[in-house]
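One file, final.pdb, carrying PDB, C-alpha atoms (C1' of nucleotides):
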ATOM      1  CA  MET O   1      91.883 100.436  93.582
ATOM      2  CA  PRO O   2      89.665 101.807  96.201
ATOM      3  CA  GLU O   3      86.285 100.772  97.416
ATOM      4  CA  LEU O   4      85.316 101.100 101.033
ATOM      5  CA  PRO O   5      87.609  98.339 102.344
ATOM      6  CA  GLU O   6      90.683  99.778 100.667
ATOM      7  CA  VAL O   7      90.001 103.245 102.019
ATOM      8  CA  GLU O   8      89.352 101.842 105.481
ATOM      9  CA  VAL O   9      92.583  99.831 105.401
ATOM     10  CA  LEU O  10      94.388 102.970 104.282
ATOM     11  CA  ARG O  11      92.829 104.969 107.110
ATOM     12  CA  ARG O  12      93.849 102.435 109.726
ATOM     13  CA  SER O  13      97.380 102.139 108.448
ATOM     14  CA  LEU O  14      97.981 105.884 108.159
ATOM     15  CA  GLU O  15      96.325 106.896 111.398
ATOM     16  CA  PRO O  16      99.110 106.000 113.875
ATOM     17  CA  HIS O  17     101.690 107.685 111.648
ATOM     18  CA  LEU O  18      99.803 110.892 110.949
ATOM     19  CA  VAL O  19      97.943 111.790 114.124
ATOM     20  CA  GLY O  20     100.106 114.139 116.142
ATOM     21  CA  ASP O  21     102.200 115.154 113.169
ATOM     22  CA  ARG O  22     101.754 118.534 111.522
ATOM     23  CA  ILE O  23     101.347 119.590 107.929
ATOM     24  CA  VAL O  24     103.962 122.260 107.358
ATOM     25  CA  ARG O  25     103.658 122.733 103.616
ATOM     26  CA  VAL O  26     101.229 121.783 100.868
ATOM     27  CA  GLU O  27     102.593 121.122  97.403
ATOM     28  CA  VAL O  28     100.246 120.981  94.426
ATOM     29  CA  ARG O  29     102.158 119.924  91.348
ATOM     30  CA  ASN O  30      99.129 119.260  89.140
ATOM     31  CA  PRO O  31      95.757 120.597  90.260
ATOM     32  CA  ALA O  32      93.859 118.997  87.358
ATOM     33  CA  LEU O  33      92.084 116.223  89.235
ATOM     34  CA  ARG O  34      88.414 115.378  88.697
ATOM     35  CA  GLU O  35      87.742 118.792  90.158
ATOM     36  CA  PRO O  36      90.566 121.331  90.149
ATOM     37  CA  VAL O  37      92.438 121.374  93.443
ATOM     38  CA  GLU O  38      91.856 124.756  95.071
ATOM     39  CA  THR O  39      95.466 125.284  95.990
ATOM     40  CA  ALA O  40      95.148 128.503  97.957
ATOM     41  CA  ARG O  41      92.188 127.215  99.932
ATOM     42  CA  LEU O  42      93.963 123.926 100.601
ATOM     43  CA  ARG O  43      97.057 125.749 101.883
ATOM     44  CA  ARG O  44      94.932 127.960 104.111
ATOM     45  CA  GLY O  45      93.064 124.991 105.477
ATOM     46  CA  ALA O  46      95.990 122.640 105.967
ATOM     47  CA  ALA O  47      99.385 124.314 106.293
ATOM     48  CA  GLY O  48     100.592 124.731 109.862
ATOM     49  CA  ARG O  49      97.875 122.501 111.319
ATOM     50  CA  ASP O  50      98.212 119.384 113.453
ATOM     51  CA  VAL O  51      96.517 116.179 112.381
ATOM     52  CA  VAL O  52      94.028 115.263 115.094
ATOM     53  CA  ALA O  53      92.173 112.294 113.600
ATOM     54  CA  LEU O  54      91.659 110.189 110.502
ATOM     55  CA  ARG O  55      88.119 109.238 109.590
ATOM     56  CA  ARG O  56      86.331 107.786 106.611
ATOM     57  CA  ARG O  57      82.995 108.659 105.059
ATOM     58  CA  SER O  58      81.984 106.610 102.061
ATOM     59  CA  LYS O  59      85.152 106.332  99.955
ATOM     60  CA  TYR O  60      86.574 109.606 101.241
ATOM     61  CA  LEU O  61      89.489 109.635 103.652
ATOM     62  CA  LEU O  62      88.967 112.524 106.069
ATOM     63  CA  ILE O  63      92.066 114.059 107.622
ATOM     64  CA  ASP O  64      90.861 116.143 110.548
ATOM     65  CA  LEU O  65      93.134 119.025 111.435
ATOM     66  CA  ALA O  66      93.380 121.416 114.340
ATOM     67  CA  GLY O  67      91.183 124.476 114.125
ATOM     68  CA  GLY O  68      88.145 122.698 112.746
ATOM     69  CA  ARG O  69      89.487 121.978 109.276
ATOM     70  CA  THR O  70      89.445 118.748 107.335
ATOM     71  CA  VAL O  71      91.191 117.626 104.187
ATOM     72  CA  ALA O  72      89.104 115.097 102.281
ATOM     73  CA  VAL O  73      90.868 112.813  99.803
ATOM     74  CA  HIS O  74      89.076 110.631  97.268
ATOM     75  CA  LEU O  75      91.261 108.192  95.356
ATOM     76  CA  GLY O  76      89.039 107.779  92.318
ATOM     77  CA  MET O  77      90.065 104.748  90.263
ATOM     78  CA  SER O  78      93.830 104.929  90.371
ATOM     79  CA  GLY O  79      94.738 107.061  93.378
ATOM     80  CA  ARG O  80      97.265 105.998  96.001
ATOM     81  CA  LEU O  81      98.041 107.894  99.133
ATOM     82  CA  THR O  82     101.316 106.926 100.732
ATOM     83  CA  LEU O  83     103.736 108.133 103.314
ATOM     84  CA  ALA O  84     107.268 108.672 102.089
ATOM     85  CA  ALA O  85     110.519 110.000 103.385
ATOM     86  CA  GLY O  86     110.756 113.705 102.690
ATOM     87  CA  GLU O  87     113.662 113.268 100.297
ATOM     88  CA  ALA O  88     112.140 110.300  98.472
ATOM     89  CA  PRO O  89     112.218 110.886  94.720
ATOM     90  CA  LEU O  90     109.089 112.092  92.998
ATOM     91  CA  GLU O  91     106.819 109.380  91.707
ATOM     92  CA  PRO O  92     105.190 109.727  88.319
ATOM     93  CA  HIS O  93     101.775 111.373  88.723
ATOM     94  CA  GLU O  94     102.519 112.611  92.216
ATOM     95  CA  HIS O  95     100.084 115.506  92.011
ATOM     96  CA  VAL O  96      99.725 116.615  95.619
ATOM     97  CA  ALA O  97     102.048 116.270  98.610
ATOM     98  CA  PHE O  98     101.593 117.252 102.244
ATOM     99  CA  HIS O  99     104.973 117.864 103.827
ATOM    100  CA  LEU O 100     105.040 116.995 107.508
ATOM    101  CA  ARG O 101     106.956 118.358 110.482
ATOM    102  CA  SER O 102     108.449 114.898 110.979
ATOM    103  CA  GLY O 103     110.202 115.290 107.640
ATOM    104  CA  ARG O 104     108.012 112.834 105.761
ATOM    105  CA  ARG O 105     105.503 113.622 103.083
ATOM    106  CA  LEU O 106     102.041 112.279 102.441
ATOM    107  CA  ARG O 107     101.729 112.058  98.698
ATOM    108  CA  LEU O 108      98.874 111.460  96.321
ATOM    109  CA  ARG O 109      99.721 109.600  93.165
ATOM    110  CA  ASP O 110      96.869 109.319  90.686
ATOM    111  CA  PRO O 111      97.600 108.539  87.023
ATOM    112  CA  ARG O 112      94.030 108.824  85.816
ATOM    113  CA  ARG O 113      93.312 111.905  87.910
ATOM    114  CA  PHE O 114      89.787 110.872  88.856
ATOM    115  CA  GLY O 115      90.614 111.623  92.473
ATOM    116  CA  LEU O 116      89.735 114.613  94.626
ATOM    117  CA  VAL O 117      91.433 116.693  97.288
ATOM    118  CA  LEU O 118      89.088 119.008  99.161
ATOM    119  CA  ALA O 119      89.645 121.548 101.933
ATOM    120  CA  LEU O 120      86.593 121.633 104.181
ATOM    121  CA  GLU O 121      85.387 122.939 107.488
ATOM    122  CA  THR O 122      84.978 119.903 109.703
ATOM    123  CA  ALA O 123      81.607 120.982 111.004
ATOM    124  CA  ALA O 124      80.257 121.520 107.491
ATOM    125  CA  ILE O 125      81.293 118.259 105.863
ATOM    126  CA  GLU O 126      77.845 116.710 105.839
ATOM    127  CA  ALA O 127      76.435 119.809 104.166
ATOM    128  CA  ASP O 128      79.066 119.827 101.441
ATOM    129  CA  PRO O 129      77.717 118.813  98.014
ATOM    130  CA  HIS O 130      80.141 115.878  97.871
ATOM    131  CA  PHE O 131      78.632 114.431 101.051
ATOM    132  CA  ALA O 132      75.090 115.727 101.410
ATOM    133  CA  HIS O 133      73.443 113.033  99.299
ATOM    134  CA  LEU O 134      75.320 110.065 100.750
ATOM    135  CA  GLY O 135      73.382 107.169 102.228
ATOM    136  CA  VAL O 136      74.037 104.859 105.134
ATOM    137  CA  GLU O 137      77.453 103.450 106.075
ATOM    138  CA  PRO O 138      77.256  99.682 105.636
ATOM    139  CA  LEU O 139      79.558  98.922 108.565
ATOM    140  CA  GLU O 140      77.746 101.117 111.049
ATOM    141  CA  ALA O 141      74.634 100.524 113.091
ATOM    142  CA  GLY O 142      71.615 101.481 111.066
ATOM    143  CA  PHE O 143      72.432  99.367 108.037
ATOM    144  CA  SER O 144      70.110  96.422 107.542
ATOM    145  CA  GLY O 145      67.979  94.579 105.061
ATOM    146  CA  GLU O 146      65.097  96.673 106.241
ATOM    147  CA  VAL O 147      66.915  99.865 105.266
ATOM    148  CA  LEU O 148      67.586  98.441 101.812
ATOM    149  CA  ALA O 149      63.993  97.301 101.424
ATOM    150  CA  ARG O 150      62.716 100.729 102.376
ATOM    151  CA  ALA O 151      65.065 102.461  99.945
ATOM    152  CA  ALA O 152      63.983 100.064  97.200
ATOM    153  CA  ALA O 153      60.284 100.666  97.713
ATOM    154  CA  GLY O 154      58.774 102.110  94.562
ATOM    155  CA  ARG O 155      62.008 101.743  92.639
ATOM    156  CA  ARG O 156      62.818  99.499  89.736
ATOM    157  CA  GLY O 157      65.991  98.440  88.058
ATOM    158  CA  PRO O 158      68.686  95.839  88.665
ATOM    159  CA  VAL O 159      69.791  95.178  92.209
ATOM    160  CA  LYS O 160      73.459  95.533  91.290
ATOM    161  CA  ALA O 161      73.067  99.172  90.286
ATOM    162  CA  PHE O 162      70.975  99.715  93.395
ATOM    163  CA  LEU O 163      73.773  98.437  95.653
ATOM    164  CA  MET O 164      76.239 100.734  93.919
ATOM    165  CA  ASP O 165      74.006 103.785  94.376
ATOM    166  CA  ALA O 166      75.729 105.877  97.049
ATOM    167  CA  ARG O 167      72.434 107.571  97.888
ATOM    168  CA  VAL O 168      71.293 104.206  99.233
ATOM    169  CA  VAL O 169      74.411 102.749 100.797
ATOM    170  CA  VAL O 170      77.973 104.014 100.421
ATOM    171  CA  GLY O 171      81.220 102.266  99.719
ATOM    172  CA  VAL O 172      79.997  99.346  97.618
ATOM    173  CA  GLY O 173      81.781  99.608  94.280
ATOM    174  CA  ASN O 174      81.906  97.388  91.253
ATOM    175  CA  ILE O 175      83.953  94.592  92.812
ATOM    176  CA  TYR O 176      82.096  94.238  96.077
ATOM    177  CA  ALA O 177      78.678  94.604  94.465
ATOM    178  CA  SER O 178      79.417  91.440  92.487
ATOM    179  CA  GLU O 179      80.932  89.734  95.514
ATOM    180  CA  SER O 180      78.018  90.610  97.790
ATOM    181  CA  LEU O 181      75.378  89.374  95.361
ATOM    182  CA  PHE O 182      77.305  86.169  94.778
ATOM    183  CA  ARG O 183      77.452  85.553  98.502
ATOM    184  CA  ALA O 184      73.767  86.382  98.872
ATOM    185  CA  GLY O 185      72.762  84.123  95.987
ATOM    186  CA  VAL O 186      70.915  86.931  94.241
ATOM    187  CA  HIS O 187      71.108  87.433  90.487
ATOM    188  CA  PRO O 188      72.601  90.859  89.648
ATOM    189  CA  VAL O 189      69.961  91.614  87.034
ATOM    190  CA  ARG O 190      67.040  90.915  89.351
ATOM    191  CA  SER O 191      64.799  93.950  89.767
ATOM    192  CA  VAL O 192      64.721  95.482  93.232
ATOM    193  CA  ALA O 193      60.944  95.381  92.921
ATOM    194  CA  ARG O 194      61.123  91.591  93.040
ATOM    195  CA  ILE O 195      63.147  91.101  96.192
ATOM    196  CA  ALA O 196      61.378  90.101  99.391
ATOM    197  CA  ALA O 197      62.300  91.047 102.948
ATOM    198  CA  ALA O 198      64.246  87.891 103.751
ATOM    199  CA  ARG O 199      66.411  88.366 100.673
ATOM    200  CA  TRP O 200      67.124  91.964 101.585
ATOM    201  CA  ASP O 201      68.346  90.703 104.943
ATOM    202  CA  ARG O 202      70.581  88.226 103.189
ATOM    203  CA  ILE O 203      71.925  90.906 100.849
ATOM    204  CA  ALA O 204      72.669  93.287 103.726
ATOM    205  CA  ASP O 205      74.390  90.537 105.694
ATOM    206  CA  SER O 206      76.467  89.634 102.650
ATOM    207  CA  VAL O 207      77.537  93.226 102.037
ATOM    208  CA  VAL O 208      78.722  93.490 105.626
ATOM    209  CA  ALA O 209      80.501  90.120 105.558
ATOM    210  CA  VAL O 210      82.251  90.801 102.255
ATOM    211  CA  LEU O 211      83.425  94.252 103.303
ATOM    212  CA  ARG O 212      84.623  93.045 106.691
ATOM    213  CA  GLN O 213      86.494  90.146 105.153
ATOM    214  CA  ALA O 214      88.167  92.435 102.634
ATOM    215  CA  ILE O 215      89.244  94.810 105.381
ATOM    216  CA  ALA O 216      90.633  91.940 107.427
ATOM    217  CA  GLN O 217      92.596  90.581 104.480
ATOM    218  CA  GLY O 218      93.843  94.018 103.439
ATOM    219  CA  GLY O 219      94.981  94.672 106.954
ATOM    220  CA  THR O 220      97.093  91.571 107.139
ATOM    221  CA  THR O 221      98.947  92.394 103.964
ATOM    222  CA  LEU O 222      99.842  95.932 104.838
ATOM    223  CA  ASN O 223     102.769  95.268 107.159
ATOM    224  CA  ASP O 224     105.192  97.001 104.856
ATOM    225  CA  PHE O 225     103.050 100.084 104.508
ATOM    226  CA  ALA O 226     104.862 102.064 107.150
ATOM    227  CA  ASP O 227     108.111 101.914 105.252
ATOM    228  CA  GLY O 228     106.596 104.493 102.962
ATOM    229  CA  GLU O 229     106.869 102.589  99.749
ATOM    230  CA  GLY O 230     103.152 102.127  99.512
ATOM    231  CA  ARG O 231     103.313  98.476  98.630
ATOM    232  CA  SER O 232     100.211  96.682  99.659
ATOM    233  CA  GLY O 233      98.295  93.474  99.286
ATOM    234  CA  TYR O 234      95.100  94.848  97.869
ATOM    235  CA  PHE O 235      95.262  92.485  94.947
ATOM    236  CA  GLN O 236      95.614  89.522  97.238
ATOM    237  CA  VAL O 237      92.123  89.937  98.611
ATOM    238  CA  SER O 238      90.387  86.738  97.649
ATOM    239  CA  LEU O 239      87.497  87.264  95.284
ATOM    240  CA  ALA O 240      84.844  84.627  94.729
ATOM    241  CA  ALA O 241      83.237  86.057  91.592
ATOM    242  CA  TYR O 242      84.869  89.254  90.358
ATOM    243  CA  ASP O 243      87.239  88.840  87.412
ATOM    244  CA  ARG O 244      86.696  85.074  87.412
ATOM    245  CA  GLU O 245      84.850  84.712  84.102
ATOM    246  CA  GLY O 246      84.925  81.099  82.940
ATOM    247  CA  GLU O 247      86.494  79.867  86.167
ATOM    248  CA  PRO O 248      84.576  77.437  88.365
ATOM    249  CA  CYS O 249      82.058  78.807  90.822
ATOM    250  CA  LEU O 250      83.395  78.157  94.306
ATOM    251  CA  ALA O 251      79.992  76.840  95.348
ATOM    252  CA  CYS O 252      78.750  74.681  92.440
ATOM    253  CA  GLY O 253      81.737  74.348  90.118
ATOM    254  CA  GLY O 254      79.909  75.754  87.107
ATOM    255  CA  PRO O 255      81.529  78.542  85.099
ATOM    256  CA  VAL O 256      81.333  82.093  86.422
ATOM    257  CA  ARG O 257      79.737  84.384  83.870
ATOM    258  CA  ARG O 258      80.360  88.014  82.991
ATOM    259  CA  LEU O 259      77.822  90.540  81.799
ATOM    260  CA  VAL O 260      77.817  94.295  81.372
ATOM    261  CA  GLN O 261      75.469  96.514  83.358
ATOM    262  CA  ALA O 262      75.552 100.277  82.894
ATOM    263  CA  GLY O 263      78.908  99.884  81.207
ATOM    264  CA  ARG O 264      80.502  97.990  84.103
ATOM    265  CA  SER O 265      81.407  94.316  84.258
ATOM    266  CA  THR O 266      79.347  92.105  86.532
ATOM    267  CA  TYR O 267      80.456  88.594  87.487
ATOM    268  CA  TYR O 268      78.006  86.014  88.751
ATOM    269  CA  CYS O 269      77.083  82.340  88.849
ATOM    270  CA  PRO O 270      73.874  81.739  86.894
ATOM    271  CA  ARG O 271      73.203  78.544  88.808
ATOM    272  CA  CYS O 272      73.750  79.847  92.347
ATOM    273  CA  GLN O 273      72.310  83.330  91.866
ATOM    274  CA  ARG O 274      68.600  83.742  91.179
TER     275      ARG O 274
ATOM    276  C1'  DC D   1      61.597 110.304  88.443
ATOM    277  C1'  DG D   2      64.880 106.611  87.054
ATOM    278  C1'  DT D   3      68.060 104.764  84.065
ATOM    279  C1'  DA D   4      71.460 104.144  80.276
ATOM    280  C1'  DG D   5      75.302 106.038  78.093
ATOM    281  C1'  DA D   6      79.029 109.326  77.420
ATOM    282  C1'  DC D   7      82.718 111.341  79.527
ATOM    283  C1'  DC D   8      86.758 112.587  82.437
ATOM    284  C1'  DC D   9      92.242 110.343  82.016
ATOM    285  C1'  DT D  10      96.291 107.189  81.756
ATOM    286  C1'  DG D  11      98.191 102.530  81.784
ATOM    287  C1'  DC D  12      98.172  97.764  80.967
ATOM    288  C1'  DG D  13      97.452  93.323  78.930
ATOM    289  C1'  DC D  14      95.941  90.900  75.124
ATOM    290  C1'  DG D  15      95.572  89.421  70.296
ATOM    291  C1'  DC D  16      97.449  90.041  65.978
TER     292       DC D  16
ATOM    293  C1'  DT Q   1     108.924  93.192  69.188
ATOM    294  C1'  DG Q   2     105.443  96.563  68.117
ATOM    295  C1'  DC Q   3     100.807  98.280  67.773
ATOM    296  C1'  DG Q   4      95.971  99.005  68.302
ATOM    297  C1'  DC Q   5      92.152  97.926  71.048
ATOM    298  C1'  DG Q   6      89.434  97.119  74.985
ATOM    299  C1'  DC Q   7      89.171  97.495  79.547
ATOM    300  C1'  DA Q   8      90.095  99.218  84.386
ATOM    301  C1'  DG Q   9      88.250  99.401  91.450
ATOM    302  C1'  DG Q  10      85.512 106.400  90.703
ATOM    303  C1'  DG Q  11      81.645 109.746  90.009
ATOM    304  C1'  DT Q  12      78.831 113.199  87.345
ATOM    305  C1'  DC Q  13      76.272 114.973  83.621
ATOM    306  C1'  DT Q  14      73.013 114.697  79.762
ATOM    307  C1'  DA Q  15      69.477 112.609  77.006
ATOM    308  C1'  DC Q  16      65.636 109.882  77.024
TER     309       DC Q  16
END

As structure tokens - that is how I would like this structure written.
Amino acid sequence: MPELPEVEVLRRSLEPHLVGDRIVRVEVRNPALREPVETARLRRGAAGRDVVALRRRSKYLLIDLAGGRTVAVHLGMSGRLTLAAGEAPLEPHEHVAFHLRSGRRLRLRDPRRFGLVLALETAAIEADPHFAHLGVEPLEAGFSGEVLARAAAGRRGPVKAFLMDARVVVGVGNIYASESLFRAGVHPVRSVARIAAARWDRIADSVVAVLRQAIAQGGTTLNDFADGEGRSGYFQVSLAAYDREGEPCLACGGPVRRLVQAGRSTYYCPRCQR
DNA sequence: CGTAGACCCTGCGCGC
DNA sequence: TGCGCGCAGGGTCTAC
């Protein structure tokens, strides 16, 4: 489910409902996520605290709480974080729930359990091992083709893996790496050593455009989010390349191809991407 | 140092 | 209809 746009859409939709509310109780039904949930630490860091802000870093949703604490949630591959009425029946795989003073509960459902729930000190987030290595935010000032070119200097390997390397730029996952390279007209297998400055600019611009468009489309389909059922339009985001093997390229009409890089599917147009 | 592959886990869709 | 297989948007670790 979640790459940067999905987490950002989630942040924006939850923010008005959560800020000002208070976490009164933390329920950990199954701590066996990608890293074990530290239940006692999470309770200490979250229970009885007001929500003061919702932020995002990379694919982490950051729930800032009073007293300088933050709960960081990573959705992994299959995680969904939704607001529900307090008495709403348990969902399958509802591993963690934050019960709120308003009577609702913020619940994490994650069948594959690749997600994370971390209790952090707000001031120490950037020093935490989950965050310390992270690169630039693609939707913030400071991201540019020049930054990519500099990070690529002296490196080799396919540009698709490079774009998905969170040490370089965060938030670009398997879907939007394909989408960005399609938009930029750059072949996913091309070595980063063979990309000139102008192409890096084009790649950076495409990453920004693709992420922004996905956020805009996600936002328009989330009107029913507040009802707490967690339905959303993530799948309605229009994709030009991803999962379109054999279908016509939207630019030239030729068939979109699929290949496997580092065990992940890549979709591209061999005629439009060089 | 960089990269490819295995692995973590469950669910779903497809072909037979 | 049932079943086995491959594949799935995340990241990390190990072996080369």

Identify all chain D residues at most 10 Å from chain O by counting all atoms listed in the file; ligands do not count. Present them as a PDB file with C-alpha atoms (C1' of nucleotides), keeping the file's coordinate frame.
ATOM      1  C1'  DC D   1      61.597 110.304  88.443  1.00  0.00           C
ATOM      2  C1'  DG D   2      64.880 106.611  87.054  1.00  0.00           C
ATOM      3  C1'  DT D   3      68.060 104.764  84.065  1.00  0.00           C
ATOM      4  C1'  DA D   4      71.460 104.144  80.276  1.00  0.00           C
ATOM      5  C1'  DG D   5      75.302 106.038  78.093  1.00  0.00           C
ATOM      6  C1'  DC D   8      86.758 112.587  82.437  1.00  0.00           C
ATOM      7  C1'  DC D   9      92.242 110.343  82.016  1.00  0.00           C
ATOM      8  C1'  DT D  10      96.291 107.189  81.756  1.00  0.00           C
ATOM      9  C1'  DG D  11      98.191 102.530  81.784  1.00  0.00           C
TER      10       DG D  11
END

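If you count all atoms listed in the file and ignore residues fewer than 3 places along the chain from region 6-16 of chain Q, what sits within 8 Å of it is Met1, Pro2, Glu3, Leu75, Gly76, Met77, Ser78, Phe114, Gly115, Gly173, Asn174 and Ile175 of chain O.
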
Taking the file above as input, evaluate the PyMOL selection byres ((chain O and resi 109) around 7) and report the hits as a compact mmCIF listing (two decimals) with C-alpha atoms, in the coordinates of the input.
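Contents of part01.txt, as written:
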# COMPACT_ATOMS: atom_id res chain seq x y z
CA GLY O 79 94.74 107.06 93.38
CA ARG O 80 97.26 106.00 96.00
CA LEU O 81 98.04 107.89 99.13
CA HIS O 93 101.78 111.37 88.72
CA GLU O 94 102.52 112.61 92.22
CA HIS O 95 100.08 115.51 92.01
CA ARG O 107 101.73 112.06 98.70
CA LEU O 108 98.87 111.46 96.32
CA ASP O 110 96.87 109.32 90.69
CA PRO O 111 97.60 108.54 87.02

Coordinates of box centre and edge lengths for region 1-15 of chain D, 8 Å on every side, axis-aligned, as AutoDock Vina command-line options:
--center_x 79.9 --center_y 101.0 --center_z 79.4 --size_x 52.6 --size_y 39.2 --size_z 34.1

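Across the model, the gap from CA of Pro188 (chain O) to CA of Arg264 (chain O) is 12.0 Å.
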
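Counting from CA of Arg150 (chain O), the distance to CA of Val7 (chain O) is 27.4 Å.
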
* To do: Let me know the residues the PyMOL selection byres ((chain O and resi 68) around 8) catches in the file above, as a list in words.
  => Asp64, Leu65, Ala66, Gly67, Arg69, Thr70, Glu121, Thr122 and Ala123 of chain O

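The list of residues with at least one atom within 10 Å of DC5 (chain Q), based on only C-alpha atoms (C1' of nucleotides) and without residues fewer than 2 positions apart in the same chain, reads DC14 and DG15 of chain D; DC3 and DC7 of chain Q.
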
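Across O:His17, O:Arg55, O:Arg167, O:His74, the tightest approach to chain Q is made by O:His74 when counting only C-alpha atoms (C1' of nucleotides).
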
* Let me know the residues the PyMOL selection byres ((chain O and resi 273) around 7) catches in the file above, as an MDAnalysis selection string. => chainID O and resid 182 185:187 269:272 274

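Computed from the coordinates, the CA of Leu54 (chain O) to CA of Ala166 (chain O) distance equals 21.3 Å.
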
* Identify the residues within 12 Å of coordinate (85.7, 95.1, 96.9) (same frame as the file), considering all atoms listed in the file, and give the answer as a PyMOL selection string. => (chain O and resi 1-9+59+164+171-181+207-215+217-218+234-243) or (chain Q and resi 9)

Could you write region 30-93 of chain O of the block just shown to a file containing C-alpha atoms, as a PDB file, in the first residue's frame?
ATOM      1  CA  ASN O  30       0.157  -8.776  18.696  1.00  0.00           C
ATOM      2  CA  PRO O  31       3.591  -7.229  19.167  1.00  0.00           C
ATOM      3  CA  ALA O  32       5.229  -9.393  16.480  1.00  0.00           C
ATOM      4  CA  LEU O  33       5.695  -6.776  13.777  1.00  0.00           C
ATOM      5  CA  ARG O  34       8.908  -6.421  11.772  1.00  0.00           C
ATOM      6  CA  GLU O  35      10.473  -5.421  15.058  1.00  0.00           C
ATOM      7  CA  PRO O  36       8.691  -6.407  18.263  1.00  0.00           C
ATOM      8  CA  VAL O  37       6.503  -3.609  19.581  1.00  0.00           C
ATOM      9  CA  GLU O  38       7.949  -2.462  22.900  1.00  0.00           C
ATOM     10  CA  THR O  39       4.634  -2.387  24.676  1.00  0.00           C
ATOM     11  CA  ALA O  40       5.733  -0.939  27.996  1.00  0.00           C
ATOM     12  CA  ARG O  41       7.787   1.773  26.339  1.00  0.00           C
ATOM     13  CA  LEU O  42       4.940   2.590  23.964  1.00  0.00           C
ATOM     14  CA  ARG O  43       2.487   2.912  26.865  1.00  0.00           C
ATOM     15  CA  ARG O  44       4.898   5.137  28.763  1.00  0.00           C
ATOM     16  CA  GLY O  45       5.457   7.311  25.741  1.00  0.00           C
ATOM     17  CA  ALA O  46       1.876   7.572  24.544  1.00  0.00           C
ATOM     18  CA  ALA O  47      -0.775   6.934  27.190  1.00  0.00           C
ATOM     19  CA  GLY O  48      -2.257  10.072  28.715  1.00  0.00           C
ATOM     20  CA  ARG O  49      -0.672  12.386  26.144  1.00  0.00           C
ATOM     21  CA  ASP O  50      -2.325  14.880  23.814  1.00  0.00           C
ATOM     22  CA  VAL O  51      -1.667  14.701  20.095  1.00  0.00           C
ATOM     23  CA  VAL O  52      -0.031  17.971  19.084  1.00  0.00           C
ATOM     24  CA  ALA O  53       0.914  17.378  15.445  1.00  0.00           C
ATOM     25  CA  LEU O  54       1.119  14.827  12.663  1.00  0.00           C
ATOM     26  CA  ARG O  55       4.227  14.812  10.517  1.00  0.00           C
ATOM     27  CA  ARG O  56       5.823  12.527   7.985  1.00  0.00           C
ATOM     28  CA  ARG O  57       9.440  11.560   7.455  1.00  0.00           C
ATOM     29  CA  SER O  58      10.114   9.197   4.597  1.00  0.00           C
ATOM     30  CA  LYS O  59       7.360   6.568   4.834  1.00  0.00           C
ATOM     31  CA  TYR O  60       6.950   6.998   8.581  1.00  0.00           C
ATOM     32  CA  LEU O  61       3.908   8.734  10.009  1.00  0.00           C
ATOM     33  CA  LEU O  62       5.025  10.711  13.060  1.00  0.00           C
ATOM     34  CA  ILE O  63       2.433  11.341  15.754  1.00  0.00           C
ATOM     35  CA  ASP O  64       3.847  14.076  17.963  1.00  0.00           C
ATOM     36  CA  LEU O  65       2.569  14.012  21.515  1.00  0.00           C
ATOM     37  CA  ALA O  66       2.735  16.385  24.440  1.00  0.00           C
ATOM     38  CA  GLY O  67       5.837  16.129  26.574  1.00  0.00           C
ATOM     39  CA  GLY O  68       8.265  15.694  23.710  1.00  0.00           C
ATOM     40  CA  ARG O  69       7.256  12.187  22.691  1.00  0.00           C
ATOM     41  CA  THR O  70       6.484  10.839  19.258  1.00  0.00           C
ATOM     42  CA  VAL O  71       4.919   7.625  18.058  1.00  0.00           C
ATOM     43  CA  ALA O  72       6.284   6.611  14.668  1.00  0.00           C
ATOM     44  CA  VAL O  73       4.220   4.227  12.539  1.00  0.00           C
ATOM     45  CA  HIS O  74       5.513   2.490   9.424  1.00  0.00           C
ATOM     46  CA  LEU O  75       2.926   0.593   7.400  1.00  0.00           C
ATOM     47  CA  GLY O  76       5.282  -1.827   5.689  1.00  0.00           C
ATOM     48  CA  MET O  77       3.597  -3.533   2.737  1.00  0.00           C
ATOM     49  CA  SER O  78       0.133  -4.217   4.061  1.00  0.00           C
ATOM     50  CA  GLY O  79      -0.418  -1.837   6.966  1.00  0.00           C
ATOM     51  CA  ARG O  80      -3.493   0.359   7.308  1.00  0.00           C
ATOM     52  CA  LEU O  81      -4.018   2.924   9.983  1.00  0.00           C
ATOM     53  CA  THR O  82      -7.616   3.964  10.416  1.00  0.00           C
ATOM     54  CA  LEU O  83      -9.827   5.777  12.826  1.00  0.00           C
ATOM     55  CA  ALA O  84     -12.770   3.795  14.123  1.00  0.00           C
ATOM     56  CA  ALA O  85     -15.536   4.179  16.615  1.00  0.00           C
ATOM     57  CA  GLY O  86     -14.422   2.864  19.977  1.00  0.00           C
ATOM     58  CA  GLU O  87     -16.944   0.035  19.925  1.00  0.00           C
ATOM     59  CA  ALA O  88     -16.264  -0.944  16.314  1.00  0.00           C
ATOM     60  CA  PRO O  89     -15.620  -4.678  16.068  1.00  0.00           C
ATOM     61  CA  LEU O  90     -12.060  -5.905  15.873  1.00  0.00           C
ATOM     62  CA  GLU O  91     -10.672  -6.260  12.390  1.00  0.00           C
ATOM     63  CA  PRO O  92      -8.566  -9.260  11.487  1.00  0.00           C
ATOM     64  CA  HIS O  93      -4.889  -8.446  12.077  1.00  0.00           C
TER      65      HIS O  93
END
